[in-house]
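Q: Okay, so here is protein24.cif, and as you'll see once you scroll down, it has mmCIF, C-alpha atoms.
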data_run
loop_
_atom_site.label_atom_id
_atom_site.label_comp_id
_atom_site.auth_asym_id
_atom_site.auth_seq_id
_atom_site.Cartn_x
_atom_site.Cartn_y
_atom_site.Cartn_z
CA ARG A 1 150.39 133.96 120.86
CA GLN A 2 148.22 136.60 122.54
CA PHE A 3 147.10 138.54 119.46
CA LEU A 4 144.36 140.73 120.92
CA PHE A 5 146.65 143.30 122.56
CA SER A 6 146.39 145.99 119.89
CA PRO A 7 144.49 146.90 116.72
CA PHE A 8 147.67 146.30 114.75
CA GLU A 9 147.97 142.71 115.95
CA ASN A 10 144.27 142.12 115.28
CA VAL A 11 144.76 143.22 111.67
CA TRP A 12 147.84 140.99 111.38
CA PHE A 13 145.93 137.96 112.64
CA SER A 14 142.95 138.68 110.40
CA ARG A 15 145.15 138.72 107.32
CA ARG A 16 147.05 135.57 108.34
CA PHE A 17 143.76 133.76 109.08
CA SER A 18 142.29 134.81 105.74
CA ASP A 19 145.41 133.74 103.83
CA ARG A 20 145.49 130.36 105.55
CA PHE A 21 141.87 129.47 104.98
CA ARG A 22 141.21 131.15 101.61
CA PRO A 23 141.77 127.92 99.64
CA SER A 24 139.04 126.21 101.67
CA MET A 25 136.67 129.13 101.23
CA ASP A 26 137.42 129.26 97.51
CA GLY A 27 136.53 125.57 97.32
CA PHE A 28 133.16 126.09 98.98
CA PRO A 29 131.20 126.48 95.72
CA ILE A 30 132.81 123.28 94.47
CA LEU A 31 131.70 121.52 97.65
CA VAL A 32 128.14 122.73 97.12
CA VAL A 33 128.18 121.45 93.53
CA LEU A 34 129.53 118.07 94.64
CA LEU A 35 126.86 117.78 97.32
CA GLY A 36 124.22 118.67 94.74
CA ILE A 37 125.50 116.02 92.34
CA GLY A 38 125.55 113.49 95.17
CA ALA A 39 121.99 114.35 96.12
CA PHE A 40 120.94 113.98 92.49
CA PHE A 41 122.39 110.51 92.19
CA VAL A 42 120.93 109.49 95.53
CA GLY A 43 117.55 110.50 94.13
CA GLN A 44 118.22 108.62 90.91
CA ASN A 45 119.14 105.41 92.67
CA PRO A 46 115.96 103.95 94.20
CA HIS A 47 117.87 101.73 96.62
CA ILE A 48 120.03 104.56 98.02
CA SER A 49 117.12 106.99 98.00
CA ARG A 50 114.88 104.57 99.87
CA ALA A 51 117.61 103.88 102.42
CA VAL A 52 118.21 107.59 103.07
CA ARG A 53 114.51 108.34 103.57
CA HIS A 54 114.14 105.30 105.82
CA ILE A 55 117.07 106.42 107.97
CA VAL A 56 115.76 109.97 108.29
CA SER A 57 112.09 109.15 109.00
CA GLY A 58 112.27 105.59 110.28
CA LYS A 59 109.60 104.68 107.70
CA ALA A 60 109.69 103.11 104.26
CA GLY A 61 108.02 104.79 101.31
CA CYS A 62 108.41 107.85 99.12
CA MET A 63 106.94 110.62 101.27
CA PRO A 64 106.73 109.66 104.96
CA VAL A 65 104.61 111.79 107.30
CA PRO A 66 104.30 111.79 111.11
CA ASP A 67 102.20 109.21 112.94
CA VAL A 68 98.48 109.98 112.98
CA GLY A 69 97.77 108.62 116.45
CA ASN A 70 94.34 107.08 117.02
CA VAL A 71 91.72 107.30 114.30
CA THR A 72 87.97 107.87 114.40
CA LEU A 73 86.39 106.65 111.17
CA HIS A 74 83.16 108.27 110.03
CA TYR A 75 81.26 105.73 107.98
CA PHE A 76 78.33 103.35 107.87
CA ALA A 77 78.10 99.94 109.53
CA ALA A 78 79.35 98.28 106.35
CA ARG A 79 82.64 97.35 104.71
CA GLY A 80 82.18 99.52 101.65
CA ARG A 81 84.72 102.15 100.67
CA ALA A 82 86.42 102.20 104.07
CA GLU A 83 87.51 98.56 104.13
CA PRO A 84 90.88 98.92 102.34
CA PHE A 85 92.23 101.31 104.94
CA ARG A 86 90.57 99.44 107.81
CA LEU A 87 92.75 96.50 106.75
CA LEU A 88 95.77 98.79 106.53
CA MET A 89 95.13 100.19 110.02
CA GLU A 90 94.82 96.68 111.41
CA GLU A 91 98.11 95.63 109.88
CA ALA A 92 99.85 98.81 111.06
CA GLY A 93 98.49 98.51 114.59
CA ILE A 94 96.59 101.81 114.52
CA THR A 95 93.87 102.04 117.16
CA TRP A 96 90.60 103.06 115.51
CA THR A 97 86.90 103.42 116.23
CA GLN A 98 83.99 104.20 113.93
CA THR A 99 80.64 105.95 113.93
CA LYS A 100 78.48 103.33 112.14
CA PHE A 101 75.91 105.66 110.61
CA ASN A 102 72.58 104.28 109.45
CA LYS A 103 69.61 105.64 107.48
CA GLU A 104 68.24 107.39 110.55
CA THR A 105 71.45 109.02 111.82
CA TRP A 106 73.15 109.87 108.53
CA PRO A 107 71.04 112.86 107.32
CA ALA A 108 71.75 114.96 110.44
CA ALA A 109 75.40 113.84 110.52
CA LYS A 110 75.79 114.80 106.85
CA GLN A 111 74.54 118.33 107.47
CA GLU A 112 76.83 118.72 110.47
CA GLY A 113 79.77 117.38 108.48
CA LEU A 114 79.11 119.79 105.63
CA LYS A 115 78.87 122.68 108.08
CA SER A 116 82.10 121.78 109.88
CA GLY A 117 84.00 120.91 106.70
CA LEU A 118 84.68 117.34 107.77
CA TYR A 119 82.61 116.06 104.84
CA PRO A 120 83.63 118.50 102.09
CA PHE A 121 81.55 116.67 99.49
CA GLY A 122 78.76 115.58 101.82
CA GLN A 123 79.91 111.98 101.84
CA VAL A 124 81.97 109.52 103.82
CA PRO A 125 84.37 107.90 104.61
CA ALA A 126 86.23 110.57 106.54
CA ILE A 127 88.66 110.33 109.43
CA VAL A 128 89.63 112.42 112.45
CA THR A 129 92.89 111.62 114.23
CA THR A 130 94.33 112.46 117.62
CA SER A 131 97.21 114.15 115.81
CA GLY A 132 94.75 116.77 114.53
CA LEU A 133 94.23 115.48 111.00
CA GLN A 134 90.83 115.60 109.30
CA LEU A 135 90.63 113.91 105.92
CA ALA A 136 87.96 112.67 103.54
CA GLN A 137 87.84 110.51 100.39
CA THR A 138 88.91 106.86 100.31
CA VAL A 139 92.02 107.18 98.16
CA ALA A 140 93.32 110.25 100.02
CA ILE A 141 92.82 108.54 103.39
CA THR A 142 94.41 105.29 102.25
CA ARG A 143 97.46 107.00 100.83
CA TYR A 144 97.99 109.27 103.83
CA LEU A 145 97.69 106.42 106.32
CA ALA A 146 100.17 104.48 104.19
CA ARG A 147 102.63 107.36 104.30
CA SER A 148 102.28 107.61 108.09
CA THR A 149 102.90 103.89 108.65
CA GLY A 150 105.70 103.08 106.18
CA LEU A 151 103.28 101.34 103.79
CA ASP A 152 103.59 103.89 101.00
CA CYS A 153 105.11 102.87 97.67
CA ASP A 154 108.69 103.79 96.80
CA CYS A 155 109.06 106.93 94.68
CA GLY A 156 110.11 105.00 91.59
CA ASP A 157 107.02 102.80 91.88
CA TYR A 158 104.47 105.61 92.13
CA PRO A 159 103.32 105.38 88.49
CA HIS A 160 102.95 101.59 88.79
CA CYS A 161 101.05 101.93 92.08
CA ASP A 162 98.73 104.51 90.52
CA VAL A 163 97.96 102.12 87.67
CA LEU A 164 97.05 99.33 90.11
CA LEU A 165 95.05 101.60 92.40
CA LEU A 166 93.10 103.32 89.63
CA GLY A 167 92.38 100.00 87.96
CA VAL A 168 90.50 98.98 91.11
CA GLU A 169 88.79 102.38 91.18
CA ASP A 170 87.56 101.69 87.63
CA LEU A 171 86.15 98.28 88.60
CA ILE A 172 84.24 99.49 91.67
CA PRO A 173 81.54 101.44 89.77
CA LYS A 174 81.09 98.51 87.40
CA ALA A 175 80.18 96.36 90.40
CA GLY A 176 78.10 99.15 91.91
CA LYS A 177 76.04 99.46 88.77
CA VAL A 178 74.93 95.85 89.26
CA VAL A 179 74.48 95.51 93.01
CA TRP A 180 72.75 98.89 93.52
CA ASP A 181 70.19 98.15 90.84
CA PRO A 182 66.77 97.63 92.52
CA GLU A 183 66.09 95.14 89.73
CA PHE A 184 69.23 93.18 90.54
CA THR A 185 68.75 89.53 89.57
CA THR A 186 70.82 86.37 89.96
CA ALA A 187 71.28 86.32 86.19
CA LYS A 188 72.72 89.84 86.22
CA GLY A 189 75.03 88.88 89.08
CA ARG A 190 76.36 85.81 87.30
CA THR A 191 76.82 87.73 84.07
CA TYR A 192 78.79 90.41 85.88
CA LEU A 193 81.08 87.83 87.52
CA THR A 194 81.81 85.99 84.27
CA ASP A 195 81.85 88.84 81.75
CA VAL A 196 83.07 91.87 83.70
CA SER A 197 85.06 91.07 86.84
CA ALA A 198 86.69 87.90 85.46
CA PRO A 199 88.57 89.72 82.66
CA TRP A 200 89.51 92.45 85.13
CA PHE A 201 91.02 89.94 87.53
CA ALA A 202 92.92 88.41 84.62
CA PHE A 203 94.59 91.79 84.19
CA TYR A 204 95.67 91.73 87.84
CA GLU A 205 96.97 88.19 87.46
CA LYS A 206 99.64 89.62 85.15
CA PHE A 207 100.78 92.06 87.85
CA ALA A 208 100.51 89.65 90.80
CA PRO A 209 103.68 88.37 92.50
CA ALA A 210 104.91 84.94 91.46
CA THR A 211 103.57 81.98 93.40
CA ASP A 212 107.11 81.04 94.43
CA ALA A 213 108.20 84.57 95.39
CA PRO A 214 109.88 84.89 98.81
CA ALA A 215 107.29 85.65 101.47
CA ASP A 216 108.89 89.01 102.30
CA LYS A 217 108.73 90.13 98.65
CA ALA A 218 105.47 88.56 97.44
CA PHE A 219 103.65 91.85 96.92
CA PHE A 220 102.44 94.03 94.07
CA ALA A 221 104.93 96.88 94.40
CA SER A 222 108.26 97.95 95.92
CA ASN A 223 109.14 94.35 96.92
CA ARG A 224 107.32 94.83 100.22
CA LEU A 225 103.87 95.33 101.70
CA THR A 226 102.23 98.59 100.59
CA TYR A 227 98.75 100.10 100.56
CA VAL A 228 98.25 98.72 97.05
CA ASP A 229 98.16 95.19 98.46
CA PHE A 230 95.27 96.07 100.76
CA VAL A 231 93.35 97.73 97.93
CA ILE A 232 93.70 94.70 95.66
CA TYR A 233 93.11 92.21 98.47
CA ASN A 234 89.90 93.99 99.40
CA ILE A 235 88.47 94.05 95.87
CA VAL A 236 89.22 90.33 95.48
CA ASP A 237 87.67 89.57 98.87
CA TYR A 238 84.57 91.56 97.94
CA HIS A 239 84.07 89.55 94.77
CA ILE A 240 84.61 86.25 96.56
CA SER A 241 81.89 87.23 99.04
CA PHE A 242 79.70 88.41 96.18
CA ALA A 243 80.13 85.12 94.32
CA ASN A 244 79.35 83.18 97.50
CA SER A 245 75.97 84.89 97.76
CA ASP A 246 72.97 82.94 96.55
CA MET A 247 73.26 83.59 92.83
CA GLY A 248 71.51 80.40 91.79
CA GLY A 249 73.26 77.46 90.16
CA GLU A 250 76.84 76.41 90.77
CA LYS A 251 79.00 78.81 92.74
CA ILE A 252 81.43 80.84 90.65
CA ASN A 253 85.11 80.69 91.64
CA VAL A 254 86.39 84.19 90.88
CA LEU A 255 90.02 83.05 91.25
CA LYS A 256 89.76 80.06 88.93
CA ASP A 257 92.78 79.83 86.62
CA LEU A 258 94.43 82.75 88.43
CA PRO A 259 97.14 80.99 90.48
CA LYS A 260 99.21 84.06 91.32
CA LEU A 261 96.26 86.14 92.45
CA ALA A 262 94.88 83.21 94.44
CA ALA A 263 98.22 82.68 96.19
CA PHE A 264 98.45 86.39 96.99
CA TYR A 265 94.93 86.39 98.43
CA GLN A 266 95.74 83.36 100.59
CA ARG A 267 98.97 84.88 101.93
CA MET A 268 97.28 88.16 102.81
CA SER A 269 94.42 86.36 104.56
CA GLN A 270 96.94 84.50 106.70
CA ARG A 271 98.84 87.54 107.94
CA PRO A 272 98.32 87.37 111.73
CA ARG A 273 96.76 90.80 112.22
CA ILE A 274 94.61 90.52 109.09
CA ALA A 275 93.44 87.02 110.04
CA ALA A 276 92.53 88.24 113.52
CA TYR A 277 90.51 91.13 112.08
CA LEU A 278 88.73 88.91 109.56
CA ALA A 279 87.64 86.59 112.38
CA SER A 280 86.56 89.38 114.74
CA ASP A 281 83.12 90.86 115.29
CA ARG A 282 84.56 94.28 114.50
CA ARG A 283 84.42 93.45 110.82
CA ALA A 284 81.05 94.11 109.21
CA GLN A 285 79.30 91.18 107.61
CA PHE A 286 79.09 91.16 103.83
CA SER A 287 75.68 92.16 102.52
CA LEU A 288 74.11 93.23 99.23
CA PRO A 289 71.97 96.38 99.04
CA TYR A 290 69.25 94.43 97.22
CA PRO A 291 68.85 90.66 97.54
CA PRO A 292 69.11 89.26 94.00
CA LYS A 293 65.81 88.25 92.48
CA LYS A 294 65.79 84.68 91.25
CA GLN A 295 64.60 84.17 87.71
CA ALA A 296 62.71 81.12 86.58
#
Just give me the structure of the file as structure tokens.

A:
Amino acid sequence: RQFLFSPFENVWFSRRFSDRFRPSMDGFPILVVLLGIGAFFVGQNPHISRAVRHIVSGKAGCMPVPDVGNVTLHYFAARGRAEPFRLLMEEAGITWTQTKFNKETWPAAKQEGLKSGLYPFGQVPAIVTTSGLQLAQTVAITRYLARSTGLDCDCGDYPHCDVLLLGVEDLIPKAGKVVWDPEFTTAKGRTYLTDVSAPWFAFYEKFAPATDAPADKAFFASNRLTYVDFVIYNIVDYHISFANSDMGGEKINVLKDLPKLAAFYQRMSQRPRIAAYLASDRRAQFSLPYPPKKQA
């Protein structure tokens, strides 16, 4: 029917159209409510929620962000506080370079970084990416890189991941108090390994994946590889290197009687990209700030 011939026919069509489709329009608020309820339950179900986010972003994890591109790491020529996310970048295939500051170059670089805002607290690590991101602080960098690479924890696991991450953050200054002591001795080193780090690793043994867990689920959170695994792997690796230093007497096995943590450490070390990085000259050699003094 050609209904646009006159104003009268236009009015007739408008009324007929409105009458025909009014039930659908009246049901619109109900549709909105149903969609809201559906969205709520998707958010409540970690499996559905994870699947939806993965489909939308192409990345696993709670809060995916765009790729960062290549990374320039501002740090010293040491493993230190940058090593957890170096490992993460290696696993994720991110191309990265670093500045390798030393005692001579750091003072001027620090002032420049403070002036530019790259080092907001006058310290490193910090990163600059080809996507335009500038970011400082180890935990912030690690988490952001995880979000950009699909290695973030699932939303429901965030509290658990925070517990694991912050437990490591609590242990780091305990180790630093020993190794950065100018009066560091072999006796102090051995005491730290037996009385401080050993109980801490026993805590992580409780959280570690079972020794017989499937290889694709043998991780600390979310049943897959996340940034937490790199953080824990790194702190274990640091203590193994520390214990292998010349501390006098019989070497201390920091993973003794910790079968789950030992199995986790072995699996991570054997991941192809991690193994290649560990064997490369791009990884800094382990060193102590002060060689331990031997006591008679």

Q: Suppose a student applies the PyMOL selection byres ((chain A and resi 144) around 12) to this structure; what residues should they get, written as number ranges by chain?

A: A: 61-68, 85, 88-89, 127, 129, 133-143, 145-153, 226-227

Q: Name all residues at most 8 Å from Phe264 (chain A) (count all atoms listed in the file; drop same-chain ones fewer than 2 positions away) and give them as a list in words.

A: Ala208, Pro209, Thr211, Ala218, Phe219, Lys260, Leu261, Ala262, Gln266, Arg267 and Met268 of chain A

Q: Quick one, how far is CA of Gly248 (chain A) from CA of Gly80 (chain A)?

A: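 We find that CA of Gly248 (chain A) and CA of Gly80 (chain A) lie 24.0 Å from each other.
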
Q: Just to confirm, what's the straight-line distance from CA of Asn253 (chain A) to CA of Ala202 (chain A) in Å (one decimal)?

A: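 If I compute the distance from CA of Asn253 (chain A) to CA of Ala202 (chain A), I get 13.0 Å.
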
Q: Please measure the separation of CA of Ala108 (chain A) and CA of Arg81 (chain A), giving the value in Å to one decimal.

A: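 Separation of CA of Ala108 (chain A) and CA of Arg81 (chain A): 20.7 Å.
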
Q: Per residue of region 207-250 of chain A within 8 Å of region 155-161 of chain A, note the shortest atom pair and the distance in Å to one decimal, counting only C-alpha atoms, and order the rows by chain and increasing residue number, as JSON lines.

A:
{"residue": "A:Ala221", "atom": "CA", "partner": "A:Asp157", "partner_atom": "CA", "distance": 6.8}
{"residue": "A:Ser222", "atom": "CA", "partner": "A:Asp157", "partner_atom": "CA", "distance": 6.4}
{"residue": "A:Val228", "atom": "CA", "partner": "A:Cys161", "partner_atom": "CA", "distance": 6.5}

Q: With all atoms listed in the file as the basis for distance, which of A:Pro84, A:Ile94, A:Tyr75, A:Lys174 is at the shortest distance from Trp106 (chain A)?

A: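 The shortest atom-to-atom distance to Trp106 (chain A) comes from A:Tyr75.
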
Q: Take the point (72.2, 93.5, 82.5) as written in the file and pick out every residue within 8 Å of it, counting all atoms listed in the file; give the list as a ChimeraX atom specification.

A: /A:178,188,191

Q: With the PyMOL selection byres ((chain A and resi 87) around 9) as the selection, what would be picked from this file? Answer as an MDAnalysis selection string, please.

A: chainID A and resid 82:86 88:92 230:231 234 273:274 277

Q: I need the output of the PyMOL selection byres ((chain A and resi 118-122) around 10) for this file as a compact mmCIF listing (two decimals) with C-alpha atoms, in the frame of the given file; which residues are they?

A:
# COMPACT_ATOMS: atom_id res chain seq x y z
CA HIS A 74 83.16 108.27 110.03
CA PRO A 107 71.04 112.86 107.32
CA ALA A 109 75.40 113.84 110.52
CA LYS A 110 75.79 114.80 106.85
CA GLN A 111 74.54 118.33 107.47
CA GLU A 112 76.83 118.72 110.47
CA GLY A 113 79.77 117.38 108.48
CA LEU A 114 79.11 119.79 105.63
CA LYS A 115 78.87 122.68 108.08
CA SER A 116 82.10 121.78 109.88
CA GLY A 117 84.00 120.91 106.70
CA GLN A 123 79.91 111.98 101.84
CA VAL A 124 81.97 109.52 103.82
CA PRO A 125 84.37 107.90 104.61
CA ALA A 126 86.23 110.57 106.54
CA ILE A 127 88.66 110.33 109.43
CA VAL A 128 89.63 112.42 112.45
CA GLN A 134 90.83 115.60 109.30
CA LEU A 135 90.63 113.91 105.92
CA ALA A 136 87.96 112.67 103.54
CA GLN A 137 87.84 110.51 100.39

Q: List every protein, DNA or RNA residue that has an atom no more than 8 Å from (79.1, 89.5, 94.9) in the file's coordinate frame, counting only C-alpha atoms, and report them as a count of residues only.

A: 12

Q: Find the residue from A:Phe184, A:Val254, A:Thr99, A:Asp246 that sits nearest to Val196 (chain A); use only C-alpha atoms when measuring.

A: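 Answer, going by the shortest atom-to-atom distance: A:Val254.
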